[in-house]
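Shown below: entry33.cif, with mmCIF, C-alpha atoms and all ligand atoms.
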data_coords
loop_
_atom_site.label_atom_id
_atom_site.label_comp_id
_atom_site.auth_asym_id
_atom_site.auth_seq_id
_atom_site.Cartn_x
_atom_site.Cartn_y
_atom_site.Cartn_z
CA MET P 1 -227.84 -77.77 42.25
CA LYS P 2 -224.05 -78.06 42.36
CA HIS P 3 -222.35 -79.89 39.52
CA TYR P 4 -218.88 -81.41 39.28
CA CYS P 5 -216.87 -82.22 36.15
CA LEU P 6 -213.26 -83.25 35.66
CA CYS P 7 -211.14 -80.28 34.50
CA ILE P 8 -209.90 -80.86 30.93
CA ASN P 9 -207.26 -78.08 31.18
CA CYS P 10 -205.67 -79.65 34.26
CA PHE P 11 -205.85 -83.09 32.66
CA GLU P 12 -204.14 -81.84 29.48
CA ALA P 13 -201.34 -80.29 31.55
CA ASP P 14 -200.85 -83.51 33.53
CA ASN P 15 -202.76 -86.63 32.53
CA THR P 16 -202.37 -88.14 35.98
CA SER P 17 -204.21 -85.21 37.56
CA LEU P 18 -207.97 -85.57 38.06
CA ILE P 19 -209.10 -82.19 39.34
CA TRP P 20 -212.80 -81.45 39.79
CA ALA P 21 -214.32 -78.21 38.55
CA VAL P 22 -217.48 -77.07 40.35
CA GLY P 23 -220.47 -75.10 39.08
CA GLU P 24 -224.24 -74.75 39.31
CA VAL P 25 -226.71 -76.43 36.96
CA GLN P 26 -229.03 -74.05 35.10
CA SER P 27 -232.45 -74.96 33.71
CA ASN P 28 -230.93 -75.25 30.23
CA LEU P 29 -228.73 -78.00 31.74
CA LEU P 30 -225.48 -76.10 31.33
CA ALA P 31 -223.14 -75.52 34.27
CA ILE P 32 -220.26 -73.01 34.27
CA CYS P 33 -217.65 -74.80 36.38
CA ARG P 34 -214.36 -73.60 37.85
CA CYS P 35 -211.47 -75.72 39.07
CA PRO P 36 -209.17 -74.75 41.98
CA ASN P 37 -206.52 -73.70 39.39
CA GLY P 38 -208.86 -71.11 37.88
CA HIS P 39 -209.81 -72.94 34.67
CA VAL P 40 -213.38 -72.48 33.44
CA GLN P 41 -215.29 -75.34 31.88
CA ILE P 42 -218.80 -75.25 30.44
CA SER P 43 -220.35 -78.61 31.23
CA GLY P 44 -223.38 -79.70 29.21
CA LEU P 45 -225.46 -82.28 31.06
CA GLN P 46 -226.52 -84.94 28.56
CA TYR P 47 -229.77 -85.78 30.33
CA ASP P 48 -233.44 -84.90 30.17
CA LEU P 49 -234.66 -82.28 32.65
CA PHE P 50 -236.84 -84.73 34.63
CA ASP P 51 -233.79 -86.94 35.18
CA VAL P 52 -231.73 -84.00 36.53
CA LEU P 53 -234.56 -82.89 38.83
CA PHE P 54 -234.83 -86.42 40.17
CA THR P 55 -231.08 -86.41 40.89
CA SER P 56 -231.49 -83.08 42.68
CA GLY P 57 -234.22 -84.68 44.84
CA ILE P 58 -231.93 -87.58 45.74
CA HIS P 59 -229.10 -85.22 46.75
CA ALA P 60 -231.50 -83.13 48.85
CA TYR P 61 -232.79 -86.28 50.56
CA ARG P 62 -229.26 -87.54 51.28
CA LYS P 63 -228.36 -84.22 52.90
CA GLY P 64 -231.50 -84.25 55.06
CA PHE P 65 -233.48 -81.58 53.18
CA TYR P 66 -236.64 -83.69 52.98
CA SER P 67 -239.20 -81.06 51.96
CA GLU P 68 -236.80 -79.82 49.27
CA SER P 69 -236.44 -83.40 48.00
CA VAL P 70 -240.24 -83.66 47.73
CA MET P 71 -240.31 -80.44 45.66
CA SER P 72 -237.66 -81.77 43.26
CA PHE P 73 -239.34 -85.19 42.93
CA ALA P 74 -242.68 -83.50 42.20
CA ALA P 75 -241.03 -81.25 39.59
CA SER P 76 -239.35 -84.30 38.05
CA LEU P 77 -242.69 -86.05 37.55
CA GLU P 78 -244.21 -82.94 35.95
CA ARG P 79 -241.32 -82.68 33.49
CA ALA P 80 -241.67 -86.40 32.67
CA TYR P 81 -245.34 -85.66 31.85
CA GLU P 82 -244.11 -82.88 29.53
CA LEU P 83 -241.68 -85.17 27.76
CA PHE P 84 -244.35 -87.83 27.30
CA ILE P 85 -246.88 -85.33 25.90
CA LYS P 86 -244.34 -83.94 23.43
CA LEU P 87 -243.22 -87.39 22.27
CA ASN P 88 -246.82 -88.47 21.74
CA LEU P 89 -247.53 -85.32 19.71
CA PHE P 90 -244.32 -85.71 17.73
CA LYS P 91 -245.39 -89.22 16.75
CA THR P 92 -248.92 -88.26 15.78
CA VAL P 93 -248.89 -84.64 14.52
CA LYS P 94 -248.05 -84.39 10.84
CA THR P 95 -246.91 -80.89 9.92
CA ASP P 96 -243.89 -79.59 7.99
CA ASN P 97 -242.13 -78.56 11.21
CA PRO P 98 -243.67 -80.76 13.92
CA LEU P 99 -241.18 -79.82 16.67
CA GLU P 100 -241.72 -76.08 16.14
CA THR P 101 -245.50 -76.67 16.11
CA ILE P 102 -245.24 -78.59 19.39
CA ASP P 103 -243.23 -75.73 20.94
CA LYS P 104 -246.08 -73.35 20.01
CA PHE P 105 -248.63 -75.75 21.49
CA TRP P 106 -246.61 -75.99 24.70
CA LYS P 107 -246.49 -72.21 25.16
CA GLU P 108 -250.29 -72.27 25.60
CA ILE P 109 -250.13 -74.63 28.58
CA GLU P 110 -246.64 -74.18 29.99
CA GLY P 111 -247.72 -72.15 33.01
CA GLN P 112 -250.64 -74.40 33.94
CA SER P 113 -249.81 -77.72 35.52
CA GLU P 114 -253.45 -78.91 35.66
CA ARG P 115 -253.80 -78.51 31.90
CA GLN P 116 -250.51 -80.32 31.40
CA TYR P 117 -251.72 -83.16 33.62
CA GLY P 118 -254.91 -83.42 31.54
CA ALA P 119 -252.87 -83.52 28.33
CA PHE P 120 -250.63 -86.20 29.83
CA CYS P 121 -253.55 -88.41 30.95
CA SER P 122 -255.01 -88.28 27.42
CA ALA P 123 -251.63 -88.99 25.80
CA TYR P 124 -250.98 -91.88 28.20
CA LEU P 125 -254.37 -93.46 27.52
CA MET P 126 -253.88 -93.10 23.75
CA THR P 127 -250.45 -94.70 23.94
CA VAL P 128 -250.66 -97.38 26.63
CA ARG P 129 -254.44 -98.01 26.37
CA GLU P 130 -254.74 -97.85 30.16
CA ALA P 131 -255.96 -94.93 32.28
CA TRP P 132 -253.26 -93.19 34.33
CA LYS P 133 -254.11 -93.12 38.03
CA ALA P 134 -252.48 -90.84 40.59
CA ASN P 135 -252.31 -91.82 44.26
CA GLN P 136 -254.48 -89.17 45.93
CA GLU P 137 -252.82 -89.61 49.32
CA GLN P 138 -249.44 -88.74 47.78
CA VAL P 139 -250.93 -85.87 45.77
CA LYS P 140 -252.33 -84.39 49.01
CA PHE P 141 -248.95 -84.81 50.72
CA ARG P 142 -247.15 -83.04 47.85
CA ASN P 143 -249.63 -80.14 47.96
CA LYS P 144 -249.21 -79.81 51.72
CA VAL P 145 -245.42 -79.53 51.32
CA ILE P 146 -245.47 -77.21 48.32
CA HIS P 147 -248.45 -74.97 49.11
CA LYS P 148 -248.81 -75.07 52.90
CA GLY P 149 -245.23 -75.08 54.15
CA TYR P 150 -245.57 -78.54 55.68
CA ILE P 151 -242.13 -79.82 56.77
CA ALA P 152 -241.69 -83.38 55.52
CA ASN P 153 -239.84 -85.99 57.58
CA SER P 154 -237.50 -88.65 56.19
CA GLN P 155 -240.10 -91.45 56.18
CA GLU P 156 -242.68 -89.33 54.36
CA ALA P 157 -240.11 -88.14 51.81
CA LYS P 158 -238.93 -91.73 51.23
CA LYS P 159 -242.51 -92.93 50.69
CA TYR P 160 -243.12 -90.05 48.27
CA ALA P 161 -239.84 -90.75 46.42
CA GLU P 162 -240.83 -94.40 46.01
CA TYR P 163 -244.23 -93.35 44.67
CA ILE P 164 -242.59 -90.97 42.18
CA ILE P 165 -240.09 -93.61 41.04
CA GLY P 166 -243.01 -95.98 40.41
CA CYS P 167 -244.70 -93.31 38.25
CA LEU P 168 -241.45 -92.52 36.43
CA ASN P 169 -240.75 -96.21 35.78
CA ASN P 170 -244.17 -96.52 34.10
CA ILE P 171 -243.56 -93.42 32.00
CA MET P 172 -239.99 -94.34 31.03
CA LYS P 173 -241.05 -97.88 30.08
CA ALA P 174 -243.92 -96.56 27.94
CA ILE P 175 -241.57 -94.09 26.24
CA LYS P 176 -238.98 -96.75 25.44
CA GLU P 177 -241.66 -99.09 24.10
CA ASN P 178 -243.61 -96.54 22.05
CA PHE P 179 -241.42 -93.59 21.11
CA ALA P 180 -238.04 -95.10 20.23
CA GLU P 181 -237.87 -93.17 16.93
CA GLN P 182 -239.00 -89.86 18.42
CA ARG P 183 -236.70 -89.72 21.44
CA SER P 184 -233.43 -88.63 19.81
CA PRO P 185 -234.80 -85.93 17.46
CA LEU P 186 -236.78 -84.34 20.32
CA TYR P 187 -233.79 -84.59 22.68
CA PHE P 188 -231.49 -82.83 20.19
CA HIS P 189 -234.16 -80.22 19.44
CA ILE P 190 -234.30 -79.34 23.16
CA LYS P 191 -230.47 -79.29 23.39
CA LYS P 192 -230.34 -76.98 20.36
CA LEU P 193 -232.34 -74.40 22.32
CA ALA P 194 -229.44 -74.19 24.84
CA LYS P 195 -226.81 -73.67 22.12
CA PRO P 196 -226.83 -69.82 22.17
CA ALA P 197 -226.34 -69.86 25.97
CA LYS P 198 -223.44 -72.28 25.58
CA GLU P 199 -221.78 -70.10 22.93
CA LYS P 200 -222.32 -66.96 25.04
CA SER P 201 -220.67 -68.62 28.06
CA LEU P 202 -217.68 -69.72 25.97
CA LYS P 203 -217.31 -66.17 24.61
CA GLU P 204 -217.56 -64.59 28.05
CA ASN P 205 -214.92 -66.91 29.49
CA PRO P 206 -211.86 -66.85 27.20
CA GLY P 207 -209.92 -70.12 27.43
CA ALA P 208 -212.97 -71.99 28.71
CA LYS P 209 -213.58 -75.47 27.35
CA TYR P 210 -216.83 -77.32 26.75
CA SER P 211 -217.40 -80.86 27.96
CA ALA P 212 -220.39 -83.14 27.64
CA ASN P 213 -221.35 -84.81 30.90
CA SER P 214 -223.05 -88.16 30.64
CA GLY P 215 -222.57 -90.47 33.61
CA PRO P 216 -225.14 -93.13 34.52
CA SER P 217 -228.61 -91.77 35.28
CA LEU P 218 -229.86 -92.46 38.82
CA LEU P 219 -233.15 -93.47 37.16
CA LYS P 220 -231.35 -95.83 34.73
CA TRP P 221 -232.98 -93.70 32.05
CA ASN P 222 -229.92 -93.64 29.79
CA SER P 223 -229.48 -97.42 29.83
CA HIS P 224 -230.59 -98.98 26.55
CA ASN P 225 -233.32 -101.32 27.81
CA HIS P 226 -235.88 -100.45 30.43
CA GLU P 227 -235.00 -101.62 33.90
CA ASP P 228 -237.05 -100.42 36.86
CA ALA P 229 -235.16 -97.91 39.01
CA THR P 230 -235.45 -98.13 42.80
CA PHE P 231 -234.98 -95.55 45.53
CA ALA P 232 -232.30 -97.72 47.20
CA ASP P 233 -230.29 -98.05 43.95
CA ALA P 234 -230.54 -94.32 43.26
CA LEU P 235 -229.32 -93.48 46.77
CA ALA P 236 -226.43 -95.95 46.49
CA LEU P 237 -225.32 -94.56 43.10
CA ALA P 238 -225.47 -90.97 44.38
CA GLU P 239 -223.47 -91.98 47.45
CA SER P 240 -220.74 -93.66 45.39
CA PHE P 241 -220.41 -90.54 43.19
CA ASP P 242 -220.21 -88.28 46.25
CA LYS P 243 -217.43 -90.49 47.64
CA THR P 244 -215.45 -90.10 44.39
CA ILE P 245 -215.82 -86.33 44.53
CA GLY P 246 -215.01 -86.25 48.23
CA GLU P 247 -211.79 -88.18 47.74
CA GLN P 248 -210.54 -85.89 45.00
CA ILE P 249 -211.31 -82.34 46.08
ZN ZN M 1 -208.19 -76.98 35.98
#

When written as structure tokens, how does the structure in this file appear?
Ligand SMILES: [Zn+2]
Amino acid sequence: MKHYCLCINCFEADNTSLIWAVGEVQSNLLAICRCPNGHVQISGLQYDLFDVLFTSGIHAYRKGFYSESVMSFAASLERAYELFIKLNLFKTVKTDNPLETIDKFWKEIEGQSERQYGAFCSAYLMTVREAWKANQEQVKFRNKVIHKGYIANSQEAKKYAEYIIGCLNNIMKAIKENFAEQRSPLYFHIKKLAKPAKEKSLKENPGAKYSANSGPSLLKWNSHNHEDATFADALALAESFDKTIGEQI
């Protein structure tokens, strides 16, 4: 996914100049961006992975890549499961180094989405005291797109996106209500894992600057209180950001 950040070097040279640097987001949520004047900027996205994948799905949908949007929305939900599982473990597992222990646990299931789903359903029941229930019609649709090459249309992708947002709203609400103390330490632990890559990029690009990127989440995930996100709001926010970029590059 492409990523845009305002170039600090250009801004320092002329504080009336807002020049966008462009790069590609990596899985560690770093993007090496370049502005039209040749400056390099390492942008660190201050979001959780599921939030970024959801944004990717919205951009794909807006550009008419409907099957690709379904893939990103599905990946977003799976990474939200992962976050929930880890937060639940972090709250309940008492070891000297709980986050390192959880990383070891995760390695055993990281390649197997069915096992992860099982772990999530258990963690959700333990936390919310209600059984998680997937919509089988939407699960079948997702599998058709991902495993059978089915080409989704806009209506199907919209319906799927709305289903995913409903699931994510439930998960985000449960996290905010139950894991307030665990969220920040786990977030910074995950960010710490990207630190060597960030330092390597800065070393490989002399003169490059680092900037933290933290605009509003399309899922309203980074707002303090829980407020249900909607597909329409997410599309509108993405559109307004694209207009800003479009006007300035
Ligand atoms: Zn620049």

Contacts of chain P with ligand ZN 1 (chain M) up to 9 Å, shortest pair per row, all atoms listed in the file, as CSV:
residue,atom,partner,partner_atom,distance
P:Leu6,CA,M:ZN1,ZN,8.1
P:Cys7,CA,M:ZN1,ZN,4.7
P:Ile8,CA,M:ZN1,ZN,6.6
P:Asn9,CA,M:ZN1,ZN,5.0
P:Cys10,CA,M:ZN1,ZN,4.1
P:Phe11,CA,M:ZN1,ZN,7.3
P:Ala13,CA,M:ZN1,ZN,8.8
P:Leu18,CA,M:ZN1,ZN,8.8
P:Ile19,CA,M:ZN1,ZN,6.3
P:Trp20,CA,M:ZN1,ZN,7.5
P:Ala21,CA,M:ZN1,ZN,6.8
P:Arg34,CA,M:ZN1,ZN,7.3
P:Cys35,CA,M:ZN1,ZN,4.7
P:Pro36,CA,M:ZN1,ZN,6.5
P:Asn37,CA,M:ZN1,ZN,5.0
P:Gly38,CA,M:ZN1,ZN,6.2
P:His39,CA,M:ZN1,ZN,4.5
P:Val40,CA,M:ZN1,ZN,7.3
P:Gln41,CA,M:ZN1,ZN,8.4

So which one's closest to P:Ile109, P:Glu181, P:Glu204, P:Glu82, P:Glu68? Using all atoms listed in the file, please. P:Glu82

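For the pair atom CA of P:Gly166 and atom CA of P:Ser223, the separation is 17.2 Å.
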
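Nearest residue to P:Lys203, choosing from P:Val145, P:Val139, P:Ile42, P:Val93 and counting all atoms listed in the file: P:Ile42.
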
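Of the listed residues P:Tyr124, P:Phe50, P:Phe73, P:Phe241, the one whose atoms come nearest to P:Asn88 is P:Tyr124, with distances taken using only C-alpha atoms.
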
Who sits within 7 Å of P:Leu87, all atoms listed in the file, same chain under 2 positions skipped, as a PyMOL selection string: chain P and resi 83-85+89-91+179+182-183

For the selection just defined, write its residues with C-alpha atoms to a file, as a short mmCIF file (atom, residue, chain, number, x, y, z; two decimals), in the coordinates of the input.
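Output file result-v2.cif follows:
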data_model
loop_
_atom_site.label_atom_id
_atom_site.label_comp_id
_atom_site.auth_asym_id
_atom_site.auth_seq_id
_atom_site.Cartn_x
_atom_site.Cartn_y
_atom_site.Cartn_z
CA LEU P 83 -241.68 -85.17 27.76
CA PHE P 84 -244.35 -87.83 27.30
CA ILE P 85 -246.88 -85.33 25.90
CA LEU P 89 -247.53 -85.32 19.71
CA PHE P 90 -244.32 -85.71 17.73
CA LYS P 91 -245.39 -89.22 16.75
CA PHE P 179 -241.42 -93.59 21.11
CA GLN P 182 -239.00 -89.86 18.42
CA ARG P 183 -236.70 -89.72 21.44
#

Counting only C-alpha atoms, figure out which residue out of P:Leu125, P:Ser67, P:Leu77, P:Lys192 gets nearest to P:His147. P:Ser67

Could you jot down the atom CA of P:Asp242 to atom CA of P:Gln26 separation for me, Å, one decimal place? 20.1 Å

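Between atom CA of P:Tyr187 and atom CA of P:Arg62 lies a distance of 29.1 Å.
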
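Nearest-residue note for P:Met172: choosing from P:Thr16, P:Gln138, P:Asn222, P:Asn153, the minimum distance belongs to P:Asn222, counting all atoms listed in the file.
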
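Between P:Ala31 and the residues P:Asn225, P:Ser214, P:Asn178, P:Ser43, the shortest atom-to-atom distance, using all atoms listed in the file, involves P:Ser43.
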
Give me, as number ranges by chain, all polymer residues having an atom no more than 8 Å from stretch 23-25 of chain P, counting all atoms listed in the file and skipping those fewer than 3 positions away in the same chain. P: 1-4, 29-34

Who sits within 12 Å of P:Trp221, all atoms listed in the file, same chain under 5 positions skipped, as a ChimeraX atom specification: /P:46-52,54-55,80,165,168-173,175-176,183,214-216,226-230,234

Neighbouring residues of P:Leu53 were defined as those with any atom within 8 Å, considering all atoms listed in the file; residues of the same chain fewer than 6 positions away were excluded. Please report them as a PDB file with C-alpha atoms, keeping the file's coordinate frame.
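See around.pdb below for the written result:
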ATOM      1  CA  SER P  72    -237.660 -81.770  43.260  1.00  0.00           C
ATOM      2  CA  PHE P  73    -239.340 -85.190  42.930  1.00  0.00           C
ATOM      3  CA  ALA P  75    -241.030 -81.250  39.590  1.00  0.00           C
ATOM      4  CA  SER P  76    -239.350 -84.300  38.050  1.00  0.00           C
TER       5      SER P  76
END

Since fewer atoms than expected are present, regenerate N, CA and C atoms for stretch 88-118 of chain P and write them as a short mmCIF file (atom, residue, chain, number, x, y, z; two decimals), in the frame of the given file.
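Output file out.cif is given in full below:
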data_model
loop_
_atom_site.label_atom_id
_atom_site.label_comp_id
_atom_site.auth_asym_id
_atom_site.auth_seq_id
_atom_site.Cartn_x
_atom_site.Cartn_y
_atom_site.Cartn_z
N ASN P 88 -245.57 -87.97 22.32
CA ASN P 88 -246.82 -88.47 21.74
C ASN P 88 -247.27 -87.57 20.59
N LEU P 89 -247.15 -86.25 20.78
CA LEU P 89 -247.53 -85.32 19.71
C LEU P 89 -246.60 -85.47 18.51
N PHE P 90 -245.32 -85.61 18.80
CA PHE P 90 -244.32 -85.71 17.73
C PHE P 90 -244.59 -86.95 16.86
N LYS P 91 -245.08 -88.00 17.50
CA LYS P 91 -245.39 -89.22 16.75
C LYS P 91 -246.66 -89.08 15.91
N THR P 92 -247.61 -88.27 16.43
CA THR P 92 -248.92 -88.26 15.78
C THR P 92 -249.20 -87.03 14.91
N VAL P 93 -248.58 -85.87 15.27
CA VAL P 93 -248.89 -84.64 14.52
C VAL P 93 -248.06 -84.59 13.24
N LYS P 94 -248.76 -84.42 12.12
CA LYS P 94 -248.05 -84.39 10.84
C LYS P 94 -248.10 -82.96 10.29
N THR P 95 -247.04 -82.21 10.53
CA THR P 95 -246.91 -80.89 9.92
C THR P 95 -245.51 -80.82 9.32
N ASP P 96 -245.22 -79.71 8.59
CA ASP P 96 -243.89 -79.59 7.99
C ASP P 96 -242.80 -79.48 9.05
N ASN P 97 -243.12 -78.74 10.13
CA ASN P 97 -242.13 -78.56 11.21
C ASN P 97 -242.75 -78.99 12.53
N PRO P 98 -242.92 -80.31 12.74
CA PRO P 98 -243.67 -80.76 13.92
C PRO P 98 -243.08 -80.26 15.25
N LEU P 99 -241.76 -80.22 15.38
CA LEU P 99 -241.18 -79.82 16.67
C LEU P 99 -241.45 -78.35 16.98
N GLU P 100 -241.41 -77.51 15.94
CA GLU P 100 -241.72 -76.08 16.14
C GLU P 100 -243.20 -75.93 16.48
N THR P 101 -244.06 -76.72 15.82
CA THR P 101 -245.50 -76.67 16.11
C THR P 101 -245.76 -77.09 17.56
N ILE P 102 -245.05 -78.11 18.01
CA ILE P 102 -245.24 -78.59 19.39
C ILE P 102 -244.77 -77.52 20.38
N ASP P 103 -243.69 -76.82 20.06
CA ASP P 103 -243.23 -75.73 20.94
C ASP P 103 -244.32 -74.66 21.08
N LYS P 104 -244.99 -74.36 19.96
CA LYS P 104 -246.08 -73.35 20.01
C LYS P 104 -247.22 -73.87 20.86
N PHE P 105 -247.57 -75.13 20.68
CA PHE P 105 -248.63 -75.75 21.49
C PHE P 105 -248.28 -75.64 22.97
N TRP P 106 -247.03 -75.95 23.29
CA TRP P 106 -246.61 -75.99 24.70
C TRP P 106 -246.73 -74.61 25.35
N LYS P 107 -246.42 -73.57 24.60
CA LYS P 107 -246.49 -72.21 25.16
C LYS P 107 -247.88 -71.92 25.73
N GLU P 108 -248.91 -72.52 25.13
CA GLU P 108 -250.29 -72.27 25.60
C GLU P 108 -250.58 -72.91 26.95
N ILE P 109 -249.81 -73.94 27.32
CA ILE P 109 -250.13 -74.63 28.58
C ILE P 109 -248.95 -74.66 29.55
N GLU P 110 -247.85 -73.98 29.19
CA GLU P 110 -246.64 -74.18 29.99
C GLU P 110 -246.72 -73.64 31.42
N GLY P 111 -247.61 -72.68 31.65
CA GLY P 111 -247.72 -72.15 33.01
C GLY P 111 -248.82 -72.81 33.82
N GLN P 112 -249.47 -73.84 33.26
CA GLN P 112 -250.64 -74.40 33.94
C GLN P 112 -250.52 -75.90 34.11
N SER P 113 -250.12 -76.30 35.31
CA SER P 113 -249.81 -77.72 35.52
C SER P 113 -251.05 -78.61 35.42
N GLU P 114 -252.24 -78.08 35.77
CA GLU P 114 -253.45 -78.91 35.66
C GLU P 114 -253.76 -79.24 34.20
N ARG P 115 -253.57 -78.26 33.33
CA ARG P 115 -253.80 -78.51 31.90
C ARG P 115 -252.79 -79.52 31.37
N GLN P 116 -251.55 -79.38 31.83
CA GLN P 116 -250.51 -80.32 31.40
C GLN P 116 -250.86 -81.74 31.86
N TYR P 117 -251.38 -81.84 33.10
CA TYR P 117 -251.72 -83.16 33.62
C TYR P 117 -252.85 -83.78 32.77
N GLY P 118 -253.81 -82.94 32.39
CA GLY P 118 -254.91 -83.42 31.54
C GLY P 118 -254.39 -83.91 30.19
#
